Amino acid sequence: MERKIFLTIILIFACITGLNAQSFTLQGKVMDEEMNPLELATVAVVKQGKITMTNLKGEFSIQLHSADSVVVRFSMVGYKTKTRVLRRPKGRQTLQIQLYSDNQLGEVMVVERKRQTGTTEQLDIKNAKSTPSATGNAVEELIQSQAGVSTHSELSSQYNVRGGSFDENSVYINNVEIYRPFLVRSGQQEGLSIINPDMVESIGFSTGGFEAKYGDKMSSALDITYKTPKKFEANVAASLLGASAYVGFSTKKFSWSNGIRYKTNRYLLGSLDTKGEYNPNFLDYQTFLRYTPNKRWTIDFIGDISDNHYNFTPEDRETKFGTMENVKSFRVYFDGKEKDLFRTFFGTLSITRNFGEKTKLSLIASAFKTDEQEKYDIQGQYWLTQTETSENLGVGTYMEHARNYLKATVKSVKLALSHKTKRHNILAGLTYKMEHIAEKSKEYEMRDSSGYNIPHTGENLNLIYTLSARNTLDANRFETYVQDTYKFSSKGEHTFFTLNYGIRFSHWNFNRESIVSPRASLSIVPAFNHDMTIRLAAGLYYQAPFFKELRDTSTVDGVTYARLNDKIKSQRSIHFIAGMDYRFKVNSRPFKFTAEAYYKALSNLVPYSVNNVKVVYDASEQCSGHIAGVDVKLYGEFVPGTDSWVSLSVMNTKMNLRGKSIPMPSDQRYSLNLFFTDYFPGTDKWKMSLKLAFADGLPFGPPHRSLDVQPFRAPAYKRADIGMSYRLLNNEKRERKSVFKNIWLGADCLNLLGINNVNSYYWITDVTNHQYAVPNYLTGRQINAKVLVEF
């Protein structure tokens with residue numbers, strides 16, 4: 001009996017020993033080349049299906065099965081993947097791994113995309129430059145296809161974000177706020193945006209809940225970083241809509257990149273209903289220099305010169321609109337011309353002192369100057385006809401006149417501090433701005449219908465609209481902010497948190513107003529699923545008034561005068577955002593699903609109307625409102641090696657104006673966008689890009705009426721663009737001796753389905769005061785050929 005017990009104990013001990021021999025614990029630490037811990041690095045044993053991630057200290061621990069050889073892979077985005085082979089491991093194994101950064105883009109193997117732990121999403125510019133485009137502004141068109149973003153004109157680089165106006169979006173290039181021309185009223189006049197896609201290294205975009213470092217705007221923040229070339233690089237591109245060239249090079253201490261762009265949308269405008277001599281010419285030159293004499297100092301300079309001319313001599317127009325049973329024809333013969341000039345200069349000089357590897361202090365000086373002229377005298381004689389009966393519904397003449405001049409200069413000095421610790425990233429800034437704007441405007445519009453002047457009083461001869469403005473703004477603005485990004489984990493370090501909190505303060509001496517904006521966001525990577533990220537954000541956001549919001553109009557004896565209202569207060573928006581990201585794989589290809597719900601409580605709103613891209617504010621009163629909605633997006637490699645996405649947005653807006661609850665001018669109830677890329681099977685020479693947009697129409701009403709009278713809604717905006725590219729030469733791996741790296745030939749079909757989208761309306765009034773809204777259609781179907789050569 002004792003012998004049997006003894007044998008049983010030996011057998012149990014042997015089994016336990018054997019089981020322990022079949023498994024082991026692997027632990028250790030992952031660091032970069034400077035021995036700093038790498039958090040959220042991936043540690044994987046593919047054959048065993050085991051994976052873990054490092055904690056905030058770069059440490060990891062994982063249970064594995066023993067074998068003759070166990071292959072462990074260490075990887076992280078932006079670093080070269082490293083592999084270790086363990087021979088018959090037992091018990092507890094400890095490894096200390098160093099990953100080295102990989103700066104050679106052509107050799108990077110992306111294991112996973114960078115996780116979004118804040119409210120700012122990083123967008124990829126690589127596909128945007130080769131997609132079909134009507135504007136040539138690749139970055140803005142990439143933004144317009146994102147969830148929560150909408151646009152209603154392929155001629156414009158402007159965009160609305162979650163119910164906000166065009167003016168509620170802030171743009172930064174290398175930490176300097178960018179300004180747009182003020183007098184632009186049509187997408188046809190916009191030309192090239194200041195962002196040169198050839199010079200862009202990274203794009204950060206936030207649709208709400210953004211950090212305190214971004215300025216006083218209510219809707220979105222676009223953060224652009226220009227690249228510093230590591231070696232000689234260049235490209236040349238040309239199409240029927242314009243051309244561009246880029247060259248960059250570097251030495252050990254010096255780098256210099258230059259970009260020049262030319263655009264003429266004469267060919268595109270030829271598809272509009274209004275025929276005539278279009279002569280638009282847009283030219284832009286930018287330069288970016290970086291000098292690094294040693295590790296302690298960095299000096300940057302960015303310069304931009306933009307010269308945009310829009311000249312137009314209309315001849316005639318014919319527009320048919322209505323239904324199949326009720327077709328109306330609007331015919332106009334023109335005299336006169338339009339001649340516009342938008343010339344801007346921008347420059348920034350930055351000096352950065354590095355106090356070790358964790359702390360740096362930057363002094364940034366910038367200046368923006370614009371000289372704008374809008375001049376037109378156009379007379380039109382029109383007939384509005386019911387085509388079925390040939391009845392003349394309206395016959396008359398109108399004359400439009402403008403002599404608008406504006407000069408503006410904005411100078412700023414900014415002191416920015418950055419300090420990093422093991423778990424904190426602290427940013428602080430102090431900015432002083434000097435603003436000077438001088439405006440001299442004179443506009444009027446006369447309408448004569450069937451021999452009667454409109455408006456028809458029977459006694460007086462009045463113009464339907466006239467404006468006179470002569471204003472000068474000299475003001476100074478003080479801004480400061482401080483914020484911290486704190487990364488920590490739960491006990492056991494299985495749940496990861498990223499907390500961003502900060503506060504912003506600004507004061508403007510023109511209206512003697514001080515505003516304080518606290519903001520916070522929290523990101524959670526839960527222990528039960530490291531492929532999921534939960535994001536929460538809230539904050540107080542102000543739209544600090546600037547020149548457009550200040551213009552207060554009053555009408556005396558039929559003449560409208562525009563003056564600057566120094567009593568106006570900043571518009572305010574309180575953001576509440578809850579969202580989640582879920583990363584997964586289908587057939588070993590990466591995908592990401594994103595969903596966000598938001599609510600914005602609005603107060604001190606300045607009512608405004610929109611005509612094309614011109615936003616006109618009524619600064620005589622302010623009101624309240626709200627915006628609520630949901631954005632979803634599916635992003636991933638629907639086809640291996642390509643990026644595609646589909647986004648859906650649903651939104652509701654309300655504004656309480658004069659006791660009425662009405663939709664805001666940007667009330668887009670739904671929006672669906674799709675971007676899809678594909679290669680022909682079996683080859684990487686043929687590439688296809690498809691863009692689809694389907695967006696709800698916006699509210700509108702008769703011009704020169706109260707803003708609470710918007711009884712109509714425009715038709716939905718529907719558009720499809722498709723592009724085909726052929727790679728004539730592929731020498732990215734330098735397998736042959738040639739100065740060329742890539743040569744692409746392409747053809748785009750813009751507005752593939754030939755849909756007549758409505759941009760705005762021209763209103764016809766007869767003597768009975770009956771009004772007809774004549775749609776102004778956007779561009780028709782056009783073919784664009786292009787070539788891209790990379791050196």
# chains A, B, ... in the order shown; residues from 1 in each chain; ligands from 1
>>> residues_around(residues="Tyr172 in chain A", least_positions_apart="5", cutoff="10 Å", atoms="only C-alpha atoms", output="list of chain:residue names")
A:Glu177, A:Ile178, A:Tyr179, A:Ile195, A:Gly204, A:Tyr214, A:Gly215, A:Ala221, A:Leu222, A:Asp223, A:Ile224, A:Thr225
>>> write_last_selection(atoms="N, CA, C and O atoms", output="PDB file, in the first residue's frame")
ATOM      1  N   GLU A 177      -0.909  80.007 -37.546  1.00  0.00           N
ATOM      2  CA  GLU A 177      -2.266  80.070 -38.075  1.00  0.00           C
ATOM      3  C   GLU A 177      -2.273  80.751 -39.435  1.00  0.00           C
ATOM      4  O   GLU A 177      -1.587  81.743 -39.667  1.00  0.00           O
ATOM      5  N   ILE A 178      -3.104  80.187 -40.342  1.00  0.00           N
ATOM      6  CA  ILE A 178      -3.166  80.649 -41.718  1.00  0.00           C
ATOM      7  C   ILE A 178      -4.477  81.405 -41.945  1.00  0.00           C
ATOM      8  O   ILE A 178      -5.531  81.041 -41.423  1.00  0.00           O
ATOM      9  N   TYR A 179      -4.397  82.475 -42.774  1.00  0.00           N
ATOM     10  CA  TYR A 179      -5.573  83.275 -43.104  1.00  0.00           C
ATOM     11  C   TYR A 179      -5.862  83.160 -44.595  1.00  0.00           C
ATOM     12  O   TYR A 179      -4.958  83.008 -45.410  1.00  0.00           O
ATOM     13  N   ILE A 195      -1.936  75.609 -48.946  1.00  0.00           N
ATOM     14  CA  ILE A 195      -1.301  74.327 -48.626  1.00  0.00           C
ATOM     15  C   ILE A 195      -0.815  73.669 -49.907  1.00  0.00           C
ATOM     16  O   ILE A 195      -1.614  73.304 -50.780  1.00  0.00           O
ATOM     17  N   GLY A 204      -2.835  66.477 -39.614  1.00  0.00           N
ATOM     18  CA  GLY A 204      -3.667  66.180 -38.455  1.00  0.00           C
ATOM     19  C   GLY A 204      -4.976  66.944 -38.571  1.00  0.00           C
ATOM     20  O   GLY A 204      -4.970  68.148 -38.852  1.00  0.00           O
ATOM     21  N   TYR A 214      -4.880  74.734 -30.235  1.00  0.00           N
ATOM     22  CA  TYR A 214      -5.499  75.251 -31.444  1.00  0.00           C
ATOM     23  C   TYR A 214      -6.404  76.420 -31.094  1.00  0.00           C
ATOM     24  O   TYR A 214      -7.115  76.404 -30.096  1.00  0.00           O
ATOM     25  N   GLY A 215      -6.425  77.419 -31.990  1.00  0.00           N
ATOM     26  CA  GLY A 215      -6.993  78.723 -31.687  1.00  0.00           C
ATOM     27  C   GLY A 215      -8.490  78.779 -31.500  1.00  0.00           C
ATOM     28  O   GLY A 215      -9.169  77.763 -31.376  1.00  0.00           O
ATOM     29  N   ALA A 221     -10.000  71.883 -36.602  1.00  0.00           N
ATOM     30  CA  ALA A 221      -8.600  72.297 -36.621  1.00  0.00           C
ATOM     31  C   ALA A 221      -7.853  71.405 -37.598  1.00  0.00           C
ATOM     32  O   ALA A 221      -7.919  70.179 -37.513  1.00  0.00           O
ATOM     33  N   LEU A 222      -7.155  72.028 -38.551  1.00  0.00           N
ATOM     34  CA  LEU A 222      -6.329  71.330 -39.537  1.00  0.00           C
ATOM     35  C   LEU A 222      -4.875  71.705 -39.274  1.00  0.00           C
ATOM     36  O   LEU A 222      -4.504  72.871 -39.349  1.00  0.00           O
ATOM     37  N   ASP A 223      -4.065  70.701 -38.950  1.00  0.00           N
ATOM     38  CA  ASP A 223      -2.675  70.918 -38.545  1.00  0.00           C
ATOM     39  C   ASP A 223      -1.752  70.303 -39.595  1.00  0.00           C
ATOM     40  O   ASP A 223      -1.652  69.086 -39.731  1.00  0.00           O
ATOM     41  N   ILE A 224      -1.062  71.155 -40.345  1.00  0.00           N
ATOM     42  CA  ILE A 224      -0.184  70.733 -41.432  1.00  0.00           C
ATOM     43  C   ILE A 224       1.273  70.891 -40.998  1.00  0.00           C
ATOM     44  O   ILE A 224       1.656  71.929 -40.443  1.00  0.00           O
ATOM     45  N   THR A 225       2.067  69.872 -41.254  1.00  0.00           N
ATOM     46  CA  THR A 225       3.510  69.944 -41.025  1.00  0.00           C
ATOM     47  C   THR A 225       4.231  69.758 -42.350  1.00  0.00           C
ATOM     48  O   THR A 225       3.997  68.766 -43.056  1.00  0.00           O
TER      49      THR A 225
END
>>> closest_residue(among="A:Thr117, A:Asn258, A:Ser61, A:Asn471", to="Leu536 in chain A", atoms="only C-alpha atoms")
A:Thr117
>>> residues_around(residues="Tyr635 in chain A", least_positions_apart="3", cutoff="12 Å", atoms="only C-alpha atoms", output="number ranges by chain")
A: 113, 123-124, 145-147, 581-585, 589-595, 632, 638-639, 642-648, 673-677
>>> write_last_selection(atoms="C-alpha atoms", output="short mmCIF file (atom, residue, chain, number, x, y, z; two decimals), in the first residue's frame")
data_model
loop_
_atom_site.label_atom_id
_atom_site.label_comp_id
_atom_site.auth_asym_id
_atom_site.auth_seq_id
_atom_site.Cartn_x
_atom_site.Cartn_y
_atom_site.Cartn_z
CA ARG A 113 -1.35 52.04 -38.32
CA LEU A 123 -4.50 61.46 -42.52
CA ASP A 124 -2.35 59.98 -45.28
CA SER A 145 -14.26 63.34 -47.94
CA GLN A 146 -13.95 62.75 -44.18
CA ALA A 147 -16.83 61.91 -41.86
CA ASP A 581 -12.32 53.02 -32.97
CA TYR A 582 -12.18 49.31 -33.67
CA ARG A 583 -9.31 47.79 -35.62
CA PHE A 584 -9.63 44.38 -37.24
CA LYS A 585 -8.36 42.33 -40.14
CA ARG A 589 -5.69 43.15 -44.49
CA PRO A 590 -6.06 45.95 -41.89
CA PHE A 591 -9.35 47.81 -41.36
CA LYS A 592 -10.57 50.42 -38.91
CA PHE A 593 -14.17 51.28 -38.01
CA THR A 594 -14.79 54.64 -36.37
CA ALA A 595 -18.00 56.03 -34.88
CA VAL A 632 -19.26 56.69 -38.93
CA PHE A 638 -10.44 46.79 -49.48
CA VAL A 639 -7.84 45.92 -52.11
CA THR A 642 -4.42 50.46 -51.31
CA ASP A 643 -6.36 52.68 -48.92
CA SER A 644 -10.11 53.16 -49.30
CA TRP A 645 -12.91 54.38 -47.07
CA VAL A 646 -16.62 55.06 -46.83
CA SER A 647 -18.15 57.58 -44.42
CA LEU A 648 -21.70 58.43 -43.38
CA ASN A 673 -18.74 59.86 -49.14
CA LEU A 674 -16.77 57.02 -50.69
CA PHE A 675 -13.16 56.86 -51.82
CA PHE A 676 -11.96 53.65 -53.46
CA THR A 677 -8.64 52.70 -55.07
#
>>> closest_residue(among="A:Ser306, A:Gln286, A:Ser521, A:Ser239", to="Glu211 in chain A", atoms="only C-alpha atoms")
A:Ser521
>>> closest_atom_pairs(of="range 73-153 of chain A", to="range 265-281 of chain A", cutoff="10 Å", atoms="only C-alpha atoms", output="JSON lines")
{"residue": "A:Ala134", "atom": "CA", "partner": "A:Leu268", "partner_atom": "CA", "distance": 7.8}
{"residue": "A:Thr135", "atom": "CA", "partner": "A:Asn265", "partner_atom": "CA", "distance": 8.0}
{"residue": "A:Gly136", "atom": "CA", "partner": "A:Asn265", "partner_atom": "CA", "distance": 9.7}
>>> write_last_selection(atoms="all heavy atoms", output="PDB file, in the first residue's frame")
ATOM      1  N   ALA A 134     -10.811  68.613 -59.230  1.00  0.00           N
ATOM      2  CA  ALA A 134     -11.208  69.781 -60.012  1.00  0.00           C
ATOM      3  C   ALA A 134     -10.513  71.042 -59.538  1.00  0.00           C
ATOM      4  O   ALA A 134     -10.326  71.980 -60.303  1.00  0.00           O
ATOM      5  CB  ALA A 134     -12.718  69.971 -59.945  1.00  0.00           C
ATOM      6  N   THR A 135     -10.112  71.095 -58.268  1.00  0.00           N
ATOM      7  CA  THR A 135      -9.520  72.314 -57.714  1.00  0.00           C
ATOM      8  C   THR A 135      -7.995  72.299 -57.721  1.00  0.00           C
ATOM      9  O   THR A 135      -7.368  73.357 -57.702  1.00  0.00           O
ATOM     10  CB  THR A 135      -9.983  72.531 -56.263  1.00  0.00           C
ATOM     11  OG1 THR A 135      -9.444  71.483 -55.435  1.00  0.00           O
ATOM     12  CG2 THR A 135     -11.491  72.519 -56.164  1.00  0.00           C
ATOM     13  N   GLY A 136      -7.378  71.121 -57.681  1.00  0.00           N
ATOM     14  CA  GLY A 136      -5.935  71.039 -57.530  1.00  0.00           C
ATOM     15  C   GLY A 136      -5.474  71.180 -56.099  1.00  0.00           C
ATOM     16  O   GLY A 136      -4.281  71.117 -55.821  1.00  0.00           O
TER      17      GLY A 136
END
>>> closest_atom_pairs(of="range 699-784 of chain A", to="range 686-689 of chain A", cutoff="10 Å", atoms="only C-alpha atoms", output="tab-separated table")
residue	atom	partner	partner_atom	distance
A:Asp721	CA	A:Ser689	CA	8.2
A:Ile722	CA	A:Ser689	CA	5.7
A:Gly723	CA	A:Ser689	CA	5.1
A:Met724	CA	A:Met688	CA	4.7
A:Ser725	CA	A:Lys687	CA	5.1
A:Tyr726	CA	A:Trp686	CA	4.7
A:Arg727	CA	A:Trp686	CA	6.5
A:Leu728	CA	A:Trp686	CA	9.3
A:Trp744	CA	A:Trp686	CA	9.6
A:Leu745	CA	A:Trp686	CA	9.7
A:Gly746	CA	A:Lys687	CA	9.2
A:Ala747	CA	A:Met688	CA	9.9
A:Asp748	CA	A:Ser689	CA	9.1
>>> residues_around(residues="Tyr717 in chain A", least_positions_apart="3", cutoff="9 Å", atoms="only C-alpha atoms", output="PyMOL selection string")
chain A and resi 151-153+693-697+714+755-759
>>> residues_around(residues="range 85-90 of chain A", least_positions_apart="6", cutoff="7 Å", atoms="only C-alpha atoms", output="list in words")
Ala21, Ser23, Phe24, Ser66, Ala67, Asp68, Ser69, Val70, Val71 and Val72 of chain A
>>> write_last_selection(atoms="N, CA, C and O atoms", output="mmCIF file, in the first residue's frame")
data_model
loop_
_atom_site.group_PDB
_atom_site.id
_atom_site.type_symbol
_atom_site.label_atom_id
_atom_site.label_comp_id
_atom_site.auth_asym_id
_atom_site.auth_seq_id
_atom_site.Cartn_x
_atom_site.Cartn_y
_atom_site.Cartn_z
ATOM 1 N N ALA A 21 7.440 22.040 -18.031
ATOM 2 C CA ALA A 21 8.459 22.067 -19.077
ATOM 3 C C ALA A 21 7.865 22.464 -20.418
ATOM 4 O O ALA A 21 8.565 22.914 -21.309
ATOM 5 N N SER A 23 5.643 24.906 -20.977
ATOM 6 C CA SER A 23 5.344 26.328 -21.067
ATOM 7 C C SER A 23 6.425 27.127 -20.354
ATOM 8 O O SER A 23 7.136 26.604 -19.496
ATOM 9 N N PHE A 24 6.523 28.396 -20.745
ATOM 10 C CA PHE A 24 7.504 29.276 -20.104
ATOM 11 C C PHE A 24 6.986 30.713 -20.182
ATOM 12 O O PHE A 24 6.041 31.020 -20.913
ATOM 13 N N SER A 66 6.710 25.997 -24.903
ATOM 14 C CA SER A 66 8.091 25.712 -25.272
ATOM 15 C C SER A 66 8.131 24.815 -26.509
ATOM 16 O O SER A 66 7.195 24.060 -26.787
ATOM 17 N N ALA A 67 9.209 24.924 -27.267
ATOM 18 C CA ALA A 67 9.418 24.110 -28.464
ATOM 19 C C ALA A 67 10.902 24.116 -28.778
ATOM 20 O O ALA A 67 11.709 24.768 -28.083
ATOM 21 N N ASP A 68 11.281 23.397 -29.813
ATOM 22 C CA ASP A 68 12.701 23.406 -30.199
ATOM 23 C C ASP A 68 13.165 24.812 -30.538
ATOM 24 O O ASP A 68 14.291 25.204 -30.242
ATOM 25 N N SER A 69 12.300 25.576 -31.182
ATOM 26 C CA SER A 69 12.612 26.978 -31.467
ATOM 27 C C SER A 69 11.328 27.791 -31.414
ATOM 28 O O SER A 69 10.294 27.371 -31.941
ATOM 29 N N VAL A 70 11.366 28.942 -30.743
ATOM 30 C CA VAL A 70 10.228 29.857 -30.622
ATOM 31 C C VAL A 70 10.643 31.187 -31.240
ATOM 32 O O VAL A 70 11.606 31.820 -30.791
ATOM 33 N N VAL A 71 9.920 31.597 -32.286
ATOM 34 C CA VAL A 71 10.251 32.835 -33.001
ATOM 35 C C VAL A 71 9.382 33.966 -32.443
ATOM 36 O O VAL A 71 8.144 33.900 -32.502
ATOM 37 N N VAL A 72 10.023 34.996 -31.904
ATOM 38 C CA VAL A 72 9.338 36.141 -31.311
ATOM 39 C C VAL A 72 9.604 37.374 -32.178
ATOM 40 O O VAL A 72 10.759 37.664 -32.506
#
>>> closest_residue(among="A:Glu154, A:Asp316, A:Asp667, A:Asp448", to="Lys654 in chain A", atoms="only C-alpha atoms")
A:Asp667
>>> residues_around(residues="range 485-487 of chain A", least_positions_apart="4", cutoff="7 Å", atoms="only C-alpha atoms", output="ChimeraX atom specification")
/A:423-426,497-501
>>> closest_residue(among="A:Trp383, A:Phe355, A:Tyr405, A:Tyr262", to="Val236 in chain A", atoms="only C-alpha atoms")
A:Tyr262
>>> closest_residue(among="A:Leu788, A:Arg713, A:Val139, A:Arg519", to="Ala773 in chain A", atoms="only C-alpha atoms")
A:Arg713
>>> closest_atom_pairs(of="range 140-248 of chain A", to="range 297-302 of chain A", cutoff="10 Å", atoms="only C-alpha atoms", output="tab-separated table")
residue	atom	partner	partner_atom	distance
A:Ile173	CA	A:Ile302	CA	9.3
A:Asn174	CA	A:Ile302	CA	8.9
A:Tyr226	CA	A:Ile302	CA	9.3
>>> write_last_selection(atoms="N, CA and C atoms", output="PDB file, in the first residue's frame")
ATOM      1  N   ILE A 173       0.019  75.798 -40.311  1.00  0.00           N
ATOM      2  CA  ILE A 173       1.182  75.227 -40.998  1.00  0.00           C
ATOM      3  C   ILE A 173       2.389  75.454 -40.103  1.00  0.00           C
ATOM      4  N   ASN A 174       2.987  74.366 -39.651  1.00  0.00           N
ATOM      5  CA  ASN A 174       4.154  74.440 -38.755  1.00  0.00           C
ATOM      6  C   ASN A 174       3.898  75.374 -37.576  1.00  0.00           C
ATOM      7  N   TYR A 226       5.093  70.719 -42.705  1.00  0.00           N
ATOM      8  CA  TYR A 226       5.870  70.614 -43.932  1.00  0.00           C
ATOM      9  C   TYR A 226       7.094  69.731 -43.706  1.00  0.00           C
TER      10      TYR A 226
END
>>> residues_around(residues="range 524-529 of chain A", least_positions_apart="3", cutoff="7 Å", atoms="only C-alpha atoms", output="PyMOL selection string")
chain A and resi 494-498+532-535
>>> write_last_selection(atoms="N, CA and C atoms", output="PDB file, in the first residue's frame")
ATOM      1  N   HIS A 494      -3.019  46.699 -17.880  1.00  0.00           N
ATOM      2  CA  HIS A 494      -3.693  46.063 -19.005  1.00  0.00           C
ATOM      3  C   HIS A 494      -4.628  47.028 -19.729  1.00  0.00           C
ATOM      4  N   THR A 495      -5.043  48.111 -19.054  1.00  0.00           N
ATOM      5  CA  THR A 495      -5.858  49.145 -19.680  1.00  0.00           C
ATOM      6  C   THR A 495      -5.029  50.419 -19.769  1.00  0.00           C
ATOM      7  N   PHE A 496      -5.000  51.025 -20.954  1.00  0.00           N
ATOM      8  CA  PHE A 496      -4.161  52.194 -21.195  1.00  0.00           C
ATOM      9  C   PHE A 496      -5.043  53.428 -21.352  1.00  0.00           C
ATOM     10  N   PHE A 497      -4.594  54.528 -20.737  1.00  0.00           N
ATOM     11  CA  PHE A 497      -5.338  55.773 -20.771  1.00  0.00           C
ATOM     12  C   PHE A 497      -4.442  56.882 -21.334  1.00  0.00           C
ATOM     13  N   THR A 498      -5.061  57.779 -22.105  1.00  0.00           N
ATOM     14  CA  THR A 498      -4.395  59.003 -22.553  1.00  0.00           C
ATOM     15  C   THR A 498      -5.322  60.165 -22.244  1.00  0.00           C
ATOM     16  N   MET A 532      -9.507  47.987 -29.617  1.00  0.00           N
ATOM     17  CA  MET A 532     -10.561  48.988 -29.463  1.00  0.00           C
ATOM     18  C   MET A 532     -10.012  50.209 -28.725  1.00  0.00           C
ATOM     19  N   THR A 533     -10.462  51.372 -29.136  1.00  0.00           N
ATOM     20  CA  THR A 533     -10.130  52.618 -28.454  1.00  0.00           C
ATOM     21  C   THR A 533     -11.419  53.390 -28.224  1.00  0.00           C
ATOM     22  N   ILE A 534     -11.653  53.781 -26.987  1.00  0.00           N
ATOM     23  CA  ILE A 534     -12.828  54.576 -26.617  1.00  0.00           C
ATOM     24  C   ILE A 534     -12.368  56.004 -26.350  1.00  0.00           C
ATOM     25  N   ARG A 535     -13.058  56.974 -26.949  1.00  0.00           N
ATOM     26  CA  ARG A 535     -12.642  58.364 -26.813  1.00  0.00           C
ATOM     27  C   ARG A 535     -13.804  59.230 -26.318  1.00  0.00           C
TER      28      ARG A 535
END
>>> closest_residue(among="A:Ala367, A:Lys252, A:Lys320, A:Glu549", to="Asp304 in chain A", atoms="only C-alpha atoms")
A:Ala367
>>> atom_distance(atom1="CA of Gly579 in chain A", atom2="CA of Thr480 in chain A")
28.7 Å
>>> select_by_dssp(residues="range 54-151 of chain A", states="strand (DSSP E)", output="NGL selection string")
:A and (59-65 or 69-75 or 82-87 or 91-98 or 121-123 or 149-150)
